[in-house]
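Below is one structure, written out as structure tokens; the observations come after it.
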Amino acid sequence: MNLQQPTPLIPPVHPDVQMKPLPFYDVLDVLIKPSSLGASTAQRYHQEKYFIFALTPQQVREVCISRDFLPGGRRDYMVQIQLRFCLSETSCPQEDNYPNSLCIKVNGKLFPLPGYAPPPKNGVEQKRPGRPLNITSLVRLSSAVPNQISVTWAPEIGKTYSMSVYLVRQLTSPLLLQRLRMKGIRNPDHSRALIKEKLTADPDSEIATTSLRVSLMCPLGKMRLTVPCRAVTCSHLQCFDAALYLQMNEKKPTWICPVCDKKAAYESLIIDGLFLEILNDCSDVDEIKFQEDGTWCPMRPKKESVKVPSQSIPKIETPAPLRQSSVVPHSTEPSSTKKADVIDLTLESSSSDDEEEEDSDPPLKKRCAYISKSEEMHAKGSCIDDGRVRPLCKAFSSTSQRFSMGLRSGLCGGQSMCENDVSCSLNHSFTI
């Protein structure tokens with residue numbers, strides 16, 4: 001009895017695999033259809049397979065026209081040759097997925113995989129996150145010479161991968177935003193019906209929700225919404241800004257909703273018409289509240305009145321002005337004929353008093369430094385009159401000075417009086 005051994009299953013060369021479309025790329029042509037990376041019994045640890053493709057003159061022209069030179073001598077192309085890997089599954093469109101220990105060579109040159117490989121876990125090499133590969137820089141842009149791709153990988157038990165090559169055009173986030181606007185705006189009544197559904201009282205629930213507060217700020221940039229959108233797969237009313245969401249996914253495509261952390265693909269995004277009306281009507285409000293009937297009202301923050309305590313302003317006491325010691329001069333005239341000297345020590349003295357002082361006393365020729373009362377007795381050669389320190393009575397050498405002092409004798413021994421009506425404490429001899 002001969003028992004037939006089962007032959008290993010050989011995957012088809014071109015399986016019916018569909019790649020998931022990429023929002024930032026438009027597929028222009030398919031250069032290599034999805035092809036299986038079949039395992040070979042001769043090589044157990046590492047598998048290698050070769051693929052060949054050629055470009056048409058029209059394709060070469062489209063790639064060359066889209067070329068852009070970047071700083072540093074690098075070249076960038078808006079029309080690219082794109083290499084993609086995925087699992088050989090036909091149940092649904094597949095996302096990018098790399099085989100283990102992937103190594104790619106294009107026309108004999110090693111192609112570096114983008115990004116960083118995660119560190120090994122428990123001694124096992126971790127896989128890189130899958131993404132499309134731009135191999136345009138290593139492709140021969142000629143219709144006469146074909147291009148060869150060499151793929152080396154480590155097979156996995158129970159898993160088969162496929163490889164495909166496409167000619168694509170890269171898009172930008174402003175262009176995707178324009179396409180999102182062209183899809184149309186969701187009717188505001190649809191959002192109102194969703195609000196009523198959320199606020200409908202549940203008879204089995206003890207807690208009834210009568211209102212729903214929603215923010216008009218984008219959870220991504222913490223700024224006011226400009227293009228409010230959300231995915232149709234999301235159950236929340238909170239929107240995020242479409243422009244900022246597309247910009248972030250252009251740099252690193254994750255397509256995760258920033259509100260509920262669920263998948264929010266570009267194809268499922270919609271612009272909410274009700275939120276557009278609210279943003280146009282309320283330009284100074286960052287939060288609103290929805291009622292049970294679908295209406296809304298702005299939530300303005302209450303302005304807290306700042307009460308300033310009525311405290312008396314402390315008075316600034318200015319120091320009293322320095323008072324000069326007033327000394328009544330010794331005079332030979334009787335006291336009855338001379339008025340009592342009253343000195344006003346305040347800052348604001350009347351002008352009349354100043355005039356009287358100017359009339360009574362002639363202008364001083366020289367003012368000495370202030371001498372206190374205690375020093376007055378020890379000062380020599382100084383005369384003090386009416387609280388003022390006056391210059392010493394000096395000997396004069398000229399006849400004009402002698403006569404200006406009004407002296408009648410040539411000897412001043414303290415008996416003759418100067419013009420200042422002050423007793424002189426010095427003896428001066430004069431020669432006429």
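As shown in the structure tokens, the chain order sets the letters A, B, ...; within each chain, residues go from 1, and ligands are also counted from 1 in the order they appear.
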
Got a sec: who's within 10 Å of segment 264-279 of chain A, counting only C-alpha atoms, leaving out chain neighbours fewer than 2 positions off, as an NGL selection string? :A and (21-24 or 176 or 180-181 or 183-192 or 216 or 224-234 or 237-242 or 245-246 or 249 or 253-258 or 260-262 or 281-286 or 288 or 296-298)

Applying 10 Å and only C-alpha atoms, which residues near segment 100-111 of chain A remain after dropping the ones on its own chain fewer than 3 positions away? List them as a PyMOL selection string. chain A and resi 46-48+50-52+97+114+125-128+133-140+146-156

How many Å separate atom CA of Ser235 of chain A from atom CA of Lys251 of chain A?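 Atom-to-atom, atom CA of Ser235 of chain A to atom CA of Lys251 of chain A, that is 26.7 Å.
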
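You will find atom CA of Glu62 of chain A at 28.6 Å from atom CA of Tyr98 of chain A.
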
Among segment 216-298 of chain A, which residues carry a DSSP assignment of alpha helix (DSSP H), reported as a PyMOL selection string? chain A and resi 242-251+273-281

Would you pick out the contacts of Gln80 of chain A at 12 Å or less, using only C-alpha atoms, so that residues sharing its chain but fewer than 4 positions from it are not included, and give the list as a PyMOL selection string? chain A and resi 25-31+55+59-68+75-76+132-139+141+165-171

Only N, CA and C atoms, please: the residues just picked out, written as a short mmCIF file (atom, residue, chain, number, x, y, z; two decimals), in the first residue's frame.
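Ended up saving to out39.cif:
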data_model
loop_
_atom_site.label_atom_id
_atom_site.label_comp_id
_atom_site.auth_asym_id
_atom_site.auth_seq_id
_atom_site.Cartn_x
_atom_site.Cartn_y
_atom_site.Cartn_z
N TYR A 25 -1.18 59.52 -2.12
CA TYR A 25 -0.63 59.05 -3.40
C TYR A 25 -1.77 58.66 -4.33
N ASP A 26 -1.67 59.12 -5.56
CA ASP A 26 -2.57 58.70 -6.63
C ASP A 26 -1.82 57.70 -7.52
N VAL A 27 -2.40 56.51 -7.71
CA VAL A 27 -1.77 55.48 -8.53
C VAL A 27 -2.00 55.81 -10.00
N LEU A 28 -0.89 55.97 -10.74
CA LEU A 28 -0.97 56.23 -12.17
C LEU A 28 -0.90 54.96 -12.99
N ASP A 29 0.01 54.05 -12.64
CA ASP A 29 0.15 52.78 -13.37
C ASP A 29 0.63 51.71 -12.39
N VAL A 30 0.37 50.45 -12.76
CA VAL A 30 0.86 49.30 -12.01
C VAL A 30 2.03 48.71 -12.79
N LEU A 31 3.23 48.78 -12.23
CA LEU A 31 4.42 48.28 -12.91
C LEU A 31 4.60 46.78 -12.68
N LEU A 55 10.02 50.77 -17.87
CA LEU A 55 9.21 51.98 -17.97
C LEU A 55 8.97 52.33 -19.43
N GLN A 59 5.98 57.22 -19.22
CA GLN A 59 6.24 57.16 -17.78
C GLN A 59 7.57 57.83 -17.42
N VAL A 60 8.60 57.62 -18.25
CA VAL A 60 9.88 58.27 -18.00
C VAL A 60 9.74 59.78 -18.07
N ARG A 61 8.94 60.27 -19.02
CA ARG A 61 8.76 61.71 -19.16
C ARG A 61 8.02 62.29 -17.95
N GLU A 62 7.02 61.59 -17.46
CA GLU A 62 6.28 62.09 -16.30
C GLU A 62 7.16 62.16 -15.06
N VAL A 63 8.03 61.17 -14.87
CA VAL A 63 8.92 61.19 -13.71
C VAL A 63 9.93 62.33 -13.82
N CYS A 64 10.52 62.50 -15.01
CA CYS A 64 11.54 63.54 -15.18
C CYS A 64 10.96 64.95 -15.05
N ILE A 65 9.74 65.16 -15.51
CA ILE A 65 9.14 66.49 -15.42
C ILE A 65 8.89 66.87 -13.96
N SER A 66 8.56 65.89 -13.14
CA SER A 66 8.22 66.18 -11.74
C SER A 66 9.45 66.30 -10.84
N ARG A 67 10.63 66.26 -11.40
CA ARG A 67 11.85 66.29 -10.60
C ARG A 67 12.05 67.66 -9.97
N ASP A 68 12.50 67.66 -8.72
CA ASP A 68 12.77 68.90 -7.99
C ASP A 68 14.09 68.72 -7.25
N ARG A 75 17.68 64.97 -4.96
CA ARG A 75 16.58 65.12 -5.92
C ARG A 75 15.31 64.51 -5.34
N ASP A 76 14.22 65.16 -5.63
CA ASP A 76 12.92 64.67 -5.19
C ASP A 76 11.98 64.66 -6.39
N PRO A 132 5.08 52.46 2.46
CA PRO A 132 5.52 52.38 1.07
C PRO A 132 6.95 52.87 0.91
N LEU A 133 7.66 52.30 -0.07
CA LEU A 133 9.07 52.61 -0.29
C LEU A 133 9.23 53.32 -1.63
N ASN A 134 9.90 54.47 -1.58
CA ASN A 134 10.16 55.25 -2.79
C ASN A 134 11.54 54.87 -3.33
N ILE A 135 11.57 54.12 -4.42
CA ILE A 135 12.83 53.63 -5.00
C ILE A 135 13.21 54.39 -6.27
N THR A 136 12.65 55.57 -6.47
CA THR A 136 12.86 56.31 -7.72
C THR A 136 14.33 56.65 -7.92
N SER A 137 15.05 56.99 -6.84
CA SER A 137 16.44 57.42 -6.98
C SER A 137 17.36 56.31 -7.49
N LEU A 138 16.97 55.03 -7.35
CA LEU A 138 17.79 53.91 -7.81
C LEU A 138 17.29 53.30 -9.11
N VAL A 139 16.23 53.84 -9.66
CA VAL A 139 15.65 53.29 -10.89
C VAL A 139 16.29 53.98 -12.09
N LEU A 141 15.98 55.71 -15.29
CA LEU A 141 14.91 56.44 -15.97
C LEU A 141 15.15 56.39 -17.47
N VAL A 165 4.79 46.88 -7.39
CA VAL A 165 5.45 48.13 -7.75
C VAL A 165 4.44 48.99 -8.52
N TYR A 166 4.39 50.28 -8.17
CA TYR A 166 3.41 51.20 -8.77
C TYR A 166 4.10 52.49 -9.18
N LEU A 167 3.51 53.16 -10.15
CA LEU A 167 3.89 54.52 -10.52
C LEU A 167 2.83 55.44 -9.91
N VAL A 168 3.25 56.29 -8.99
CA VAL A 168 2.29 57.10 -8.22
C VAL A 168 2.68 58.56 -8.30
N ARG A 169 1.70 59.40 -7.95
CA ARG A 169 1.92 60.84 -7.84
C ARG A 169 1.67 61.25 -6.39
N GLN A 170 2.65 61.92 -5.81
CA GLN A 170 2.53 62.32 -4.41
C GLN A 170 1.68 63.58 -4.29
N LEU A 171 0.81 63.60 -3.28
CA LEU A 171 -0.09 64.71 -3.03
C LEU A 171 0.33 65.45 -1.75
#

Separating atom CA of Tyr45 of chain A from atom CA of Ile157 of chain A, to the nearest tenth of an Å, is a gap of 11.5 Å

Nearest candidate to Leu212 of chain A (options A:Arg179, A:Lys289, A:Arg300, A:His14; using only C-alpha atoms):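 Ranked by minimum distance to Leu212 of chain A, first place goes to A:Lys289.
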
Members of segment 166-233 of chain A assigned strand (DSSP E or B) by DSSP, as a list of chain:residue names: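 Reading the DSSP output for segment 166-233 of chain A, strand (DSSP E or B) covers A:Tyr166, A:Leu167, A:Val168, A:Arg169, A:Gln170, A:Ile185, A:Arg186, A:Leu212, A:Arg213, A:Val214, A:Ser215, A:Met217, A:Arg224, A:Pro228, A:Cys229, A:Arg230, A:Ala231.
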